[in-house]
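K.L.:
This is coords.tsv, which holds TSV, C-alpha atoms:
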```tsv
chain	number	residue	atom	x	y	z
A	1	MET	CA	-0.30	36.26	36.49
A	2	LYS	CA	0.72	38.61	33.68
A	3	LYS	CA	4.38	37.84	34.36
A	4	ILE	CA	3.72	34.10	34.21
A	5	PHE	CA	1.87	34.54	30.92
A	6	LEU	CA	4.76	36.47	29.42
A	7	LEU	CA	7.21	33.80	30.56
A	8	ILE	CA	5.10	31.11	28.88
A	9	ILE	CA	4.95	33.09	25.63
A	10	ALA	CA	8.70	33.66	25.77
A	11	GLY	CA	9.26	29.94	26.31
A	12	VAL	CA	7.06	28.98	23.39
A	13	PHE	CA	8.83	31.50	21.15
A	14	THR	CA	12.23	30.14	22.21
A	15	VAL	CA	11.16	26.60	21.33
A	16	PHE	CA	9.85	27.83	17.98
A	17	LEU	CA	13.14	29.51	17.16
A	18	SER	CA	15.22	26.52	18.25
A	19	ALA	CA	13.13	24.31	15.96
A	20	GLN	CA	14.12	26.54	13.05
A	21	ASP	CA	17.65	25.21	12.89
A	22	VAL	CA	19.16	25.36	9.42
A	23	ARG	CA	20.78	21.99	10.09
A	24	SER	CA	17.33	20.41	10.32
A	25	LEU	CA	16.74	21.07	6.61
A	26	ALA	CA	18.69	17.97	5.66
A	27	TRP	CA	16.28	16.26	3.22
A	28	SER	CA	17.43	12.75	2.26
A	29	TYR	CA	20.97	13.71	3.35
A	30	LYS	CA	19.95	13.66	7.00
A	31	ALA	CA	22.44	11.76	9.14
A	32	TYR	CA	21.05	8.57	10.60
A	33	PRO	CA	19.78	9.19	14.15
A	34	ASP	CA	22.42	6.92	15.64
A	35	VAL	CA	20.83	6.57	19.08
A	36	GLU	CA	19.16	3.87	21.12
A	37	THR	CA	15.37	3.85	20.61
A	38	PRO	CA	12.73	2.34	22.92
A	39	TRP	CA	11.77	-1.23	22.11
A	40	THR	CA	9.27	-3.71	23.46
A	41	LYS	CA	10.11	-7.24	24.51
A	42	ALA	CA	8.12	-10.07	22.97
A	43	PRO	CA	5.20	-11.67	24.82
A	44	ALA	CA	6.05	-14.45	27.24
A	45	GLY	CA	7.43	-17.53	25.55
A	46	TYR	CA	8.14	-15.89	22.18
A	47	LYS	CA	11.71	-15.85	20.89
A	48	PRO	CA	13.13	-14.08	17.81
A	49	PHE	CA	14.27	-16.48	15.08
A	50	TYR	CA	14.40	-14.60	11.76
A	51	LEU	CA	15.16	-11.09	10.55
A	52	ALA	CA	14.11	-9.55	7.21
A	53	ASN	CA	15.97	-6.33	6.53
A	54	PHE	CA	15.97	-3.69	3.77
A	55	ALA	CA	18.42	-0.84	4.23
A	56	ARG	CA	19.57	2.24	2.41
A	57	HIS	CA	23.32	2.77	2.18
A	58	GLY	CA	24.94	4.98	4.79
A	59	SER	CA	26.15	8.57	4.50
A	60	ARG	CA	28.02	9.24	1.26
A	61	TYR	CA	29.67	11.86	-0.90
A	62	LEU	CA	27.51	13.69	-3.45
A	63	LEU	CA	26.97	11.92	-6.77
A	64	SER	CA	27.83	14.57	-9.37
A	65	ASP	CA	31.03	16.50	-9.92
A	66	ASN	CA	28.83	19.53	-10.68
A	67	ASN	CA	27.86	19.66	-7.01
A	68	TYR	CA	31.47	20.48	-6.20
A	69	SER	CA	33.01	22.02	-9.31
A	70	LYS	CA	30.20	24.38	-10.34
A	71	PRO	CA	29.85	26.41	-7.12
A	72	LEU	CA	33.65	26.43	-6.79
A	73	GLU	CA	34.07	27.81	-10.32
A	74	ILE	CA	31.44	30.49	-9.70
A	75	LEU	CA	33.04	31.60	-6.44
A	76	GLN	CA	36.52	31.61	-8.00
A	77	GLU	CA	35.38	33.76	-10.90
A	78	ALA	CA	33.63	36.16	-8.54
A	79	GLU	CA	36.82	36.45	-6.50
A	80	ARG	CA	38.88	37.21	-9.62
A	81	LYS	CA	36.47	40.07	-10.39
A	82	GLY	CA	36.53	41.33	-6.79
A	83	TYR	CA	32.86	40.54	-6.21
A	84	LEU	CA	33.04	38.46	-3.02
A	85	THR	CA	32.08	39.64	0.45
A	86	GLU	CA	34.29	38.64	3.37
A	87	MET	CA	31.90	35.78	4.02
A	88	GLY	CA	32.09	34.87	0.34
A	89	LYS	CA	35.88	34.63	0.53
A	90	GLU	CA	35.69	32.32	3.54
A	91	LEU	CA	33.02	30.25	1.80
A	92	LEU	CA	35.25	29.92	-1.26
A	93	GLU	CA	38.10	28.59	0.87
A	94	ASP	CA	35.85	26.02	2.54
A	95	VAL	CA	34.20	24.91	-0.72
A	96	GLY	CA	37.68	24.41	-2.13
A	97	LYS	CA	38.58	22.10	0.76
A	98	ILE	CA	35.37	20.12	0.32
A	99	ALA	CA	35.86	19.77	-3.44
A	100	ALA	CA	39.46	18.61	-3.02
A	101	ASP	CA	38.38	15.97	-0.48
A	102	ALA	CA	35.61	14.71	-2.77
A	103	ASP	CA	37.90	14.36	-5.79
A	104	GLY	CA	37.82	10.69	-6.81
A	105	ASN	CA	35.16	9.88	-4.19
A	106	LEU	CA	31.89	10.78	-5.94
A	107	GLY	CA	29.04	8.70	-4.52
A	108	MET	CA	31.37	6.73	-2.26
A	109	LEU	CA	30.50	5.78	1.31
A	110	LEU	CA	31.79	8.18	3.93
A	111	PRO	CA	33.42	6.86	7.12
A	112	ARG	CA	30.30	7.98	8.96
A	113	GLY	CA	28.20	5.80	6.65
A	114	GLY	CA	30.18	2.75	7.68
A	115	ARG	CA	29.73	3.57	11.36
A	116	GLU	CA	26.00	4.06	10.86
A	117	HIS	CA	25.52	0.53	9.55
A	118	ARG	CA	27.87	-1.07	12.02
A	119	HIS	CA	26.03	0.57	14.92
A	120	ILE	CA	22.59	-0.34	13.53
A	121	MET	CA	23.60	-3.98	13.34
A	122	GLU	CA	25.23	-3.92	16.77
A	123	ARG	CA	21.98	-2.67	18.30
A	124	THR	CA	19.97	-5.25	16.33
A	125	ILE	CA	22.17	-8.09	17.63
A	126	ALA	CA	21.89	-6.77	21.20
A	127	ARG	CA	18.10	-6.78	20.99
A	128	TYR	CA	17.68	-10.11	19.19
A	129	PRO	CA	20.81	-12.16	20.01
A	130	GLU	CA	19.07	-15.50	19.43
A	131	ILE	CA	18.98	-14.84	15.67
A	132	PHE	CA	22.75	-14.49	15.37
A	133	LYS	CA	24.06	-17.20	17.71
A	134	GLY	CA	25.59	-20.60	17.04
A	135	LYS	CA	27.80	-22.34	14.51
A	136	ASP	CA	24.79	-23.08	12.29
A	137	CYS	CA	23.98	-19.38	11.76
A	138	LYS	CA	23.65	-18.65	8.03
A	139	ILE	CA	22.64	-15.28	6.59
A	140	ASP	CA	21.51	-14.45	3.07
A	141	VAL	CA	22.78	-11.04	1.91
A	142	TYR	CA	21.89	-8.91	-1.13
A	143	ALA	CA	23.56	-5.67	-2.20
A	144	SER	CA	23.01	-3.21	-5.01
A	145	THR	CA	25.96	-3.08	-7.42
A	146	VAL	CA	26.90	0.42	-6.25
A	147	GLN	CA	29.99	0.76	-4.04
A	148	ARG	CA	28.25	2.57	-1.17
A	149	CYS	CA	25.72	-0.26	-0.86
A	150	ILE	CA	28.36	-3.00	-0.96
A	151	MET	CA	30.43	-1.16	1.64
A	152	SER	CA	27.39	-0.63	3.86
A	153	MET	CA	26.76	-4.36	3.67
A	154	ALA	CA	30.40	-5.05	4.61
A	155	TYR	CA	30.23	-2.89	7.73
A	156	SER	CA	27.03	-4.62	8.84
A	157	LEU	CA	28.53	-8.06	8.34
A	158	ASP	CA	31.64	-7.03	10.26
A	159	ALA	CA	29.41	-6.27	13.24
A	160	ILE	CA	27.82	-9.72	13.04
A	161	THR	CA	31.14	-11.55	12.62
A	162	ALA	CA	32.54	-9.70	15.63
A	163	LYS	CA	29.81	-11.31	17.75
A	164	ASN	CA	29.81	-14.69	16.03
A	165	PRO	CA	32.96	-15.58	14.05
A	166	ARG	CA	31.34	-18.85	12.97
A	167	VAL	CA	28.52	-17.20	10.98
A	168	TRP	CA	28.27	-18.04	7.26
A	169	TYR	CA	27.14	-15.58	4.59
A	170	ASP	CA	25.73	-16.18	1.13
A	171	ARG	CA	26.24	-12.90	-0.75
A	172	HIS	CA	24.43	-11.79	-3.92
A	173	CYS	CA	25.13	-8.82	-6.17
A	174	GLY	CA	24.54	-8.29	-9.88
A	175	THR	CA	22.11	-7.40	-12.67
A	176	LYS	CA	19.58	-10.07	-11.75
A	177	VAL	CA	19.66	-8.99	-8.11
A	178	GLN	CA	18.99	-5.40	-9.15
A	179	ALA	CA	15.84	-6.44	-11.00
A	180	THR	CA	14.37	-8.72	-8.33
A	181	VAL	CA	15.48	-7.09	-5.08
A	182	PHE	CA	16.18	-3.42	-5.79
A	183	ASN	CA	13.44	-2.31	-8.14
A	184	THR	CA	13.02	1.47	-8.47
A	185	PRO	CA	9.59	2.88	-9.44
A	186	HIS	CA	9.75	5.24	-12.42
A	187	VAL	CA	7.26	8.05	-11.96
A	188	SER	CA	8.85	10.63	-14.28
A	189	PRO	CA	7.24	9.52	-17.59
A	190	ALA	CA	3.75	9.52	-16.08
A	191	ALA	CA	4.42	12.83	-14.31
A	192	LYS	CA	5.56	14.44	-17.53
A	193	GLU	CA	2.48	13.17	-19.35
A	194	ALA	CA	0.30	14.56	-16.55
A	195	GLY	CA	1.95	17.97	-16.86
A	196	PHE	CA	4.07	17.82	-13.69
A	197	ASP	CA	7.24	19.81	-14.32
A	198	PHE	CA	9.18	19.28	-11.13
A	199	ASP	CA	12.27	21.26	-12.15
A	200	THR	CA	10.27	24.32	-13.16
A	201	ARG	CA	8.68	24.47	-9.74
A	202	LEU	CA	12.03	23.83	-8.05
A	203	TYR	CA	13.43	26.88	-9.79
A	204	ALA	CA	10.32	29.03	-9.44
A	205	GLU	CA	9.94	28.55	-5.70
A	206	THR	CA	13.56	28.96	-4.62
A	207	ASP	CA	14.66	32.54	-4.05
A	208	ASN	CA	18.41	33.06	-3.77
A	209	ASP	CA	18.56	36.87	-3.62
A	210	ALA	CA	19.12	36.97	0.15
A	211	LEU	CA	21.80	34.29	-0.07
A	212	PHE	CA	23.50	36.09	-2.98
A	213	ALA	CA	23.64	39.27	-0.92
A	214	LYS	CA	25.66	37.47	1.74
A	215	ILE	CA	28.19	36.14	-0.75
A	216	PHE	CA	28.48	38.66	-3.59
A	217	THR	CA	29.00	42.44	-3.52
A	218	CYS	CA	28.08	43.09	-7.15
A	219	ASP	CA	24.87	44.37	-8.70
A	220	GLU	CA	22.56	42.44	-11.01
A	221	LYS	CA	24.39	43.44	-14.19
A	222	GLN	CA	27.76	42.39	-12.75
A	223	LYS	CA	26.36	39.02	-11.65
A	224	GLN	CA	25.72	38.20	-15.29
A	225	GLU	CA	29.49	38.26	-15.87
A	226	PHE	CA	29.99	35.02	-13.92
A	227	LEU	CA	26.50	33.60	-13.33
A	228	SER	CA	24.59	32.24	-16.32
A	229	THR	CA	20.80	31.97	-16.14
A	230	SER	CA	20.95	28.23	-15.51
A	231	ASP	CA	23.70	28.58	-12.91
A	232	ARG	CA	21.69	31.31	-11.19
A	233	VAL	CA	18.82	28.94	-10.44
A	234	ASN	CA	21.14	26.06	-9.53
A	235	PHE	CA	23.58	27.89	-7.28
A	236	LEU	CA	21.39	27.82	-4.18
A	237	ARG	CA	20.75	24.08	-4.59
A	238	TRP	CA	24.46	23.35	-5.09
A	239	ILE	CA	25.42	25.27	-1.98
A	240	TRP	CA	22.57	23.77	0.07
A	241	GLU	CA	23.46	20.22	-0.96
A	242	LEU	CA	27.13	20.88	-0.25
A	243	ALA	CA	26.24	22.12	3.23
A	244	ILE	CA	23.97	19.23	4.20
A	245	ASP	CA	26.11	16.51	2.65
A	246	ASN	CA	29.36	17.91	4.02
A	247	ALA	CA	27.80	17.84	7.49
A	248	LEU	CA	27.96	14.05	7.14
A	249	ASN	CA	31.70	14.23	6.54
A	250	ASP	CA	32.57	14.66	10.19
A	251	GLU	CA	36.23	13.88	9.64
A	252	LEU	CA	36.95	16.83	7.29
A	253	GLY	CA	36.33	19.53	9.89
A	254	VAL	CA	34.60	22.02	7.55
A	255	ASP	CA	31.21	23.51	8.47
A	256	LEU	CA	29.25	25.34	5.77
A	257	PHE	CA	26.17	25.78	7.93
A	258	LYS	CA	27.89	28.52	9.93
A	259	TYR	CA	27.39	30.87	6.97
A	260	PHE	CA	23.65	30.37	6.58
A	261	ASP	CA	20.39	30.54	8.46
A	262	TYR	CA	17.05	28.76	8.25
A	263	ASN	CA	15.51	31.13	5.71
A	264	ASP	CA	18.40	30.70	3.28
A	265	PHE	CA	17.49	27.07	2.63
A	266	TYR	CA	13.90	26.53	3.79
A	267	LYS	CA	12.27	27.00	0.38
A	268	ALA	CA	14.78	24.71	-1.30
A	269	TRP	CA	14.13	22.04	1.34
A	270	ARG	CA	10.36	22.38	1.16
A	271	VAL	CA	10.08	22.17	-2.61
A	272	ASN	CA	12.47	19.21	-2.78
A	273	ASN	CA	10.40	17.40	-0.14
A	274	TRP	CA	7.35	18.20	-2.27
A	275	LYS	CA	8.99	16.67	-5.34
A	276	GLU	CA	10.00	13.47	-3.55
A	277	TYR	CA	6.46	13.10	-2.18
A	278	TYR	CA	5.31	12.67	-5.78
A	279	VAL	CA	8.29	10.69	-7.06
A	280	MET	CA	8.62	8.21	-4.16
A	281	GLY	CA	5.65	8.82	-1.88
A	282	PRO	CA	1.91	8.15	-1.57
A	283	SER	CA	0.55	10.95	-3.75
A	284	LYS	CA	-2.92	10.33	-5.18
A	285	GLU	CA	-1.56	10.98	-8.68
A	286	PHE	CA	1.36	8.52	-8.73
A	287	SER	CA	0.97	6.28	-5.67
A	288	ASP	CA	-0.01	3.26	-7.78
A	289	ILE	CA	3.21	3.52	-9.79
A	290	VAL	CA	5.27	3.87	-6.62
A	291	ARG	CA	3.53	0.94	-4.93
A	292	ARG	CA	3.66	-1.26	-8.01
A	293	GLY	CA	7.42	-0.78	-8.32
A	294	ALA	CA	7.99	-1.46	-4.62
A	295	ALA	CA	5.76	-4.56	-4.74
A	296	VAL	CA	8.71	-6.36	-6.37
A	297	ASP	CA	10.83	-5.71	-3.28
A	298	LEU	CA	8.00	-6.62	-0.90
A	299	LYS	CA	7.43	-9.89	-2.77
A	300	HIS	CA	11.10	-10.77	-2.30
A	301	ILE	CA	10.78	-10.16	1.45
A	302	ILE	CA	7.68	-12.37	1.75
A	303	GLU	CA	9.08	-15.22	-0.36
A	304	HIS	CA	12.25	-15.44	1.72
A	305	ALA	CA	10.32	-15.15	4.97
A	306	ASP	CA	8.13	-18.05	3.84
A	307	LYS	CA	11.24	-20.16	3.28
A	308	ALA	CA	12.58	-19.32	6.73
A	309	LEU	CA	9.29	-20.18	8.38
A	310	ALA	CA	9.21	-23.49	6.51
A	311	GLY	CA	12.51	-24.48	8.12
A	312	GLY	CA	14.92	-22.81	5.71
A	313	GLU	CA	18.62	-22.50	6.43
A	314	TYR	CA	18.85	-18.72	6.86
A	315	ARG	CA	18.44	-16.82	10.11
A	316	ALA	CA	18.29	-13.47	8.34
A	317	THR	CA	17.94	-11.95	4.88
A	318	LEU	CA	19.71	-8.60	4.59
A	319	ARG	CA	19.33	-6.17	1.68
A	320	TYR	CA	21.34	-2.99	0.99
A	321	GLY	CA	20.00	-0.57	-1.61
A	322	HIS	CA	18.93	3.04	-2.12
A	323	ASP	CA	16.42	5.67	-1.02
A	324	SER	CA	14.55	5.29	-4.31
A	325	GLN	CA	13.71	1.74	-3.21
A	326	LEU	CA	13.35	2.04	0.56
A	327	THR	CA	10.92	4.98	0.55
A	328	PRO	CA	8.49	3.30	-1.90
A	329	LEU	CA	8.82	0.08	0.13
A	330	ALA	CA	7.69	1.96	3.25
A	331	VAL	CA	4.72	3.21	1.22
A	332	VAL	CA	3.64	-0.19	-0.13
A	333	MET	CA	4.13	-1.76	3.31
A	334	ASP	CA	1.61	0.76	4.68
A	335	ILE	CA	3.98	1.96	7.38
A	336	GLU	CA	2.37	4.76	9.33
A	337	GLY	CA	3.89	8.15	8.59
A	338	ALA	CA	5.03	7.09	5.12
A	339	CYS	CA	2.02	5.60	3.33
A	340	SER	CA	-0.87	8.07	3.56
A	341	PRO	CA	-1.64	10.92	1.11
A	342	VAL	CA	-1.34	14.39	2.63
A	343	VAL	CA	-4.25	16.77	3.10
A	344	ASP	CA	-2.60	19.59	1.13
A	345	PRO	CA	-0.55	18.23	-1.83
A	346	ASP	CA	1.23	21.58	-2.14
A	347	HIS	CA	2.53	21.25	1.42
A	348	PRO	CA	3.33	17.61	2.20
A	349	GLU	CA	5.76	18.77	4.90
A	350	ALA	CA	2.77	19.08	7.23
A	351	SER	CA	2.64	15.29	7.59
A	352	TRP	CA	5.12	13.67	5.17
A	353	ILE	CA	8.81	14.52	5.60
A	354	LEU	CA	11.38	12.51	3.67
A	355	ASP	CA	14.10	13.37	6.21
A	356	ASN	CA	12.33	11.24	8.82
A	357	ILE	CA	11.36	8.38	6.51
A	358	CYS	CA	14.61	7.90	4.63
A	359	PRO	CA	17.73	9.46	6.15
A	360	MET	CA	21.12	8.06	5.29
A	361	GLY	CA	21.31	4.48	6.57
A	362	ALA	CA	17.51	4.18	6.71
A	363	ASN	CA	16.22	0.68	7.29
A	364	ILE	CA	13.07	-1.41	7.49
A	365	GLN	CA	13.22	-4.48	9.71
A	366	LEU	CA	10.74	-7.30	10.18
A	367	VAL	CA	11.62	-9.37	13.24
A	368	PHE	CA	9.88	-12.76	13.48
A	369	PHE	CA	9.06	-14.46	16.80
A	370	ARG	CA	7.71	-17.92	17.62
A	371	LYS	CA	6.74	-19.90	20.70
A	372	LYS	CA	7.09	-23.60	21.37
A	373	ARG	CA	3.97	-25.65	20.62
A	374	SER	CA	2.33	-22.71	18.86
A	375	ASP	CA	1.82	-22.01	15.16
A	376	ASP	CA	1.21	-18.32	15.78
A	377	ILE	CA	4.15	-16.33	14.40
A	378	LEU	CA	4.46	-12.73	15.59
A	379	VAL	CA	6.22	-9.98	13.65
A	380	LYS	CA	7.48	-6.60	14.72
A	381	VAL	CA	7.90	-4.00	11.95
A	382	LEU	CA	10.46	-1.25	12.47
A	383	LEU	CA	11.26	1.82	10.40
A	384	ASN	CA	14.67	3.18	11.34
A	385	GLU	CA	14.62	0.93	14.42
A	386	ARG	CA	11.36	2.45	15.64
A	387	GLU	CA	8.37	0.20	16.24
A	388	SER	CA	5.87	1.07	13.54
A	389	ARG	CA	2.16	0.66	12.98
A	390	ILE	CA	0.82	-0.80	9.76
A	391	VAL	CA	-2.15	1.16	8.46
A	392	GLY	CA	-5.14	-1.07	7.75
A	393	ILE	CA	-4.11	-3.92	10.06
A	394	GLU	CA	-5.32	-4.36	13.62
A	395	THR	CA	-3.37	-6.22	16.28
A	396	ASP	CA	-4.15	-7.35	19.79
A	397	GLN	CA	-0.46	-7.40	20.77
A	398	TRP	CA	0.99	-4.07	19.64
A	399	PRO	CA	3.77	-3.57	18.54
A	400	PHE	CA	3.59	-7.18	17.34
A	401	TYR	CA	1.44	-8.35	14.43
A	402	HIS	CA	0.28	-11.86	13.66
A	403	TRP	CA	2.23	-12.88	10.56
A	404	SER	CA	-0.84	-14.61	9.14
A	405	ASP	CA	-2.70	-11.27	9.18
A	406	LEU	CA	0.23	-9.21	7.92
A	407	ARG	CA	1.14	-11.65	5.16
A	408	ALA	CA	-2.47	-11.89	3.94
A	409	HIS	CA	-2.65	-8.09	3.83
A	410	TYR	CA	0.56	-7.77	1.84
A	411	ILE	CA	-0.34	-10.55	-0.59
A	412	SER	CA	-3.67	-8.83	-1.31
A	413	VAL	CA	-1.82	-5.55	-1.89
A	414	ILE	CA	0.66	-7.20	-4.27
A	415	ASP	CA	-2.09	-9.07	-6.15
A	416	ALA	CA	-4.10	-5.87	-6.62
A	417	LEU	CA	-1.07	-3.94	-7.87
A	418	THR	CA	0.15	-6.61	-10.28
A	419	ALA	CA	-3.26	-7.67	-11.66
A	420	GLU	CA	-3.60	-7.10	-15.38
```
Have the structure of the file written as structure tokens, please.

P.N.:
Amino acid sequence: MKKIFLLIIAGVFTVFLSAQDVRSLAWSYKAYPDVETPWTKAPAGYKPFYLANFARHGSRYLLSDNNYSKPLEILQEAERKGYLTEMGKELLEDVGKIAADADGNLGMLLPRGGREHRHIMERTIARYPEIFKGKDCKIDVYASTVQRCIMSMAYSLDAITAKNPRVWYDRHCGTKVQATVFNTPHVSPAAKEAGFDFDTRLYAETDNDALFAKIFTCDEKQKQEFLSTSDRVNFLRWIWELAIDNALNDELGVDLFKYFDYNDFYKAWRVNNWKEYYVMGPSKEFSDIVRRGAAVDLKHIIEHADKALAGGEYRATLRYGHDSQLTPLAVVMDIEGACSPVVDPDHPEASWILDNICPMGANIQLVFFRKKRSDDILVKVLLNERESRIVGIETDQWPFYHWSDLRAHYISVIDALTAE
């Protein structure tokens, strides 16, 4: 019996250690889980006829040149002074390769990002082929003005055209589209007024001494020769973001994670997840601002669904935007796992993890079903292709909701948020 007990304890400890994989600390740079997920067929007689989609762009390069140039400059200067460990020298070589590859590509869609969206759409078509068939198939498409969103849209449409060359697209992109389809809630002014200093906490709670010891041989006084105070607090974040974003660049063949372990990046991941919980999530302090901003996007979804249900010409309405829009949309749509305040606001990672809500290529889908000689429209809501529950709404046909119930709920939410 004692031996069995020890084996159980050893097994539990092994699982615990395997869960502490540094690659799991991917934040909003998590690669889309590009795998088939379980899905439920519609009740007898119901057929899919319309798709409402809101997607984040796929995997991309980092946005700022500082993410590449700053850590490279610091490592180069340390090498000139003879302050790099052997690991530091190898890291310098790899960061140089990553920076060279990113030159001229800041914020651009990676090849993996294109595959993510093509595969998502291929699976969607396989599950709901009725929506995309026929010579009369027309699809309304909206994209943010940013290249990675437009390219993500293009890869998705390629997947549809490959199945139905006769499909017709109406495409929309521009300033007006940004305002009515891709509205981003702005929490920062209210947070500042309330005394929330996100950056101060980011710096205060990230400890890079252990990571520095792996890379640099010099003492504290010597570090000051090539690391300014501001660069000191930013270095860990730059290296962490390089590691997690470069992991998405599966064609470059450079792996930064091999140099680091879970503890090197855990605090940086945790405090960044904490920040995004307040900026884009359901915090008690700023949830109304987040929901009010996302209500614009939800209203667009409902208005276009109404047109489709009234006999409109489009089989689907597809939207390609950003994490700063999709995450708040999941909140205002009351999608379980995204919409509820956490028990401990200092540790949202206990129940609210941005990595799982909004990875690269994240998407929210509403699939509409109808049956002959019935006015009852059913809707399935999916977050990242997973059937999702809507908090506050009951259904007798899970994972399907009656559109009349869901629409009434969302209209009441929008009216409450936009009331003067």

K.L.:
Check the smallest atom-to-atom distance from each of A:Asp140, A:Glu336, A:Glu36, A:Glu122 to His304 in chain A using all atoms listed in the file, then report the winner.

P.N.:
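Closest to His304 in chain A of all the choices is A:Asp140.
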
K.L.:
Show which residues sit within 10 Å of Pro348 in chain A, as a list in words. Count only C-alpha atoms, and ignore same-chain residues fewer than 2 positions away.

P.N.:
Arg270, Val271, Asn273, Trp274, Lys275, Glu276, Tyr277, Tyr278, Gly281, Ser283, Pro341, Val342, Val343, Asp344, Pro345, Asp346, Ala350, Ser351, Trp352, Ile353 and Leu354 of chain A

K.L.:
Counting only C-alpha atoms, which residues of range 80-112 of chain A sit at most 12 Å from some atom of range 141-151 of chain A, and what is each one's closest atom pair with its distance in Å to one decimal, listed by chain and rising residue number, as a tab-separated table?

P.N.:
```
residue	atom	partner	partner_atom	distance
A:Asn105	CA	A:Gln147	CA	10.5
A:Leu106	CA	A:Arg148	CA	10.2
A:Gly107	CA	A:Arg148	CA	7.0
A:Met108	CA	A:Arg148	CA	5.3
A:Leu109	CA	A:Arg148	CA	4.6
A:Leu110	CA	A:Arg148	CA	8.4
A:Pro111	CA	A:Met151	CA	10.2
A:Arg112	CA	A:Arg148	CA	11.7
```

K.L.:
Do a neighbour search on Glu73 in chain A at 12 Å with all atoms listed in the file, toss out local chain neighbours closer than 3 positions, and write the hits as a list in words.

P.N.:
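The residues that qualify are Asp65, Asn66, Asn67, Tyr68, Ser69, Lys70, Gln76, Glu77, Ala78, Glu79, Arg80, Leu92, Glu93, Val95, Gly96, Ala99, Phe226, Leu227, Asp231, Phe235 and Trp238 of chain A.
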
K.L.:
Measuring atom to atom with only C-alpha atoms, identify which of A:Leu84, A:Ile74, A:Ile215, A:Leu326 is nearest to Pro359 in chain A.

P.N.:
A:Leu326

K.L.:
Let me make sure I understand: among A:Ala362, A:Phe132, A:Ala42, A:Lys163, which one has the smallest atom-to-atom distance to Tyr401 in chain A if we use all atoms listed in the file?

P.N.:
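Between A:Ala362, A:Phe132, A:Ala42, A:Lys163, the residue approaching Tyr401 in chain A most closely is A:Ala42.
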
K.L.:
Provide the CA of Glu90 in chain A to CA of Tyr203 in chain A distance in Å, to one decimal place.

P.N.:
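That distance, rounded to one decimal, is 26.5 Å.
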
K.L.:
Could you tell me how far CA of Ile139 in chain A lies from CA of Leu157 in chain A, in Å and to one decimal?

P.N.:
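Between these atoms lies a distance of 9.5 Å.
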
K.L.:
Which residue, A:Leu211, A:Tyr29, A:Leu202, A:Tyr50, has the smallest gap to Asp323 in chain A when you use only C-alpha atoms?

P.N.:
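Closest to Asp323 in chain A, using only C-alpha atoms: A:Tyr29.
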
K.L.:
Have a look at CA of Phe216 in chain A and CA of Thr85 in chain A and let me know their distance in Å, one decimal.

P.N.:
5.5 Å

K.L.:
Measuring between all atoms listed in the file, which one of A:Asn208, A:Glu86, A:Tyr262, A:Tyr320 shows the shortest distance to Gln20 in chain A?

P.N.:
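Smallest distance to Gln20 in chain A is found for A:Tyr262.
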
K.L.:
Would you mind listing what lies within 6 Å of His402 in chain A as a ChimeraX atom specification, with only C-alpha atoms counted and same-chain residues fewer than 3 positions away left out?

P.N.:
/A:377-378,405

K.L.:
Please return as an NGL selection string every residue within 10 Å of (4.3, -7.0, 17.9), taking into account all atoms listed in the file and the file's own coordinates.

P.N.:
:A and (40-43 or 367-369 or 377-381 or 387-389 or 395-403)
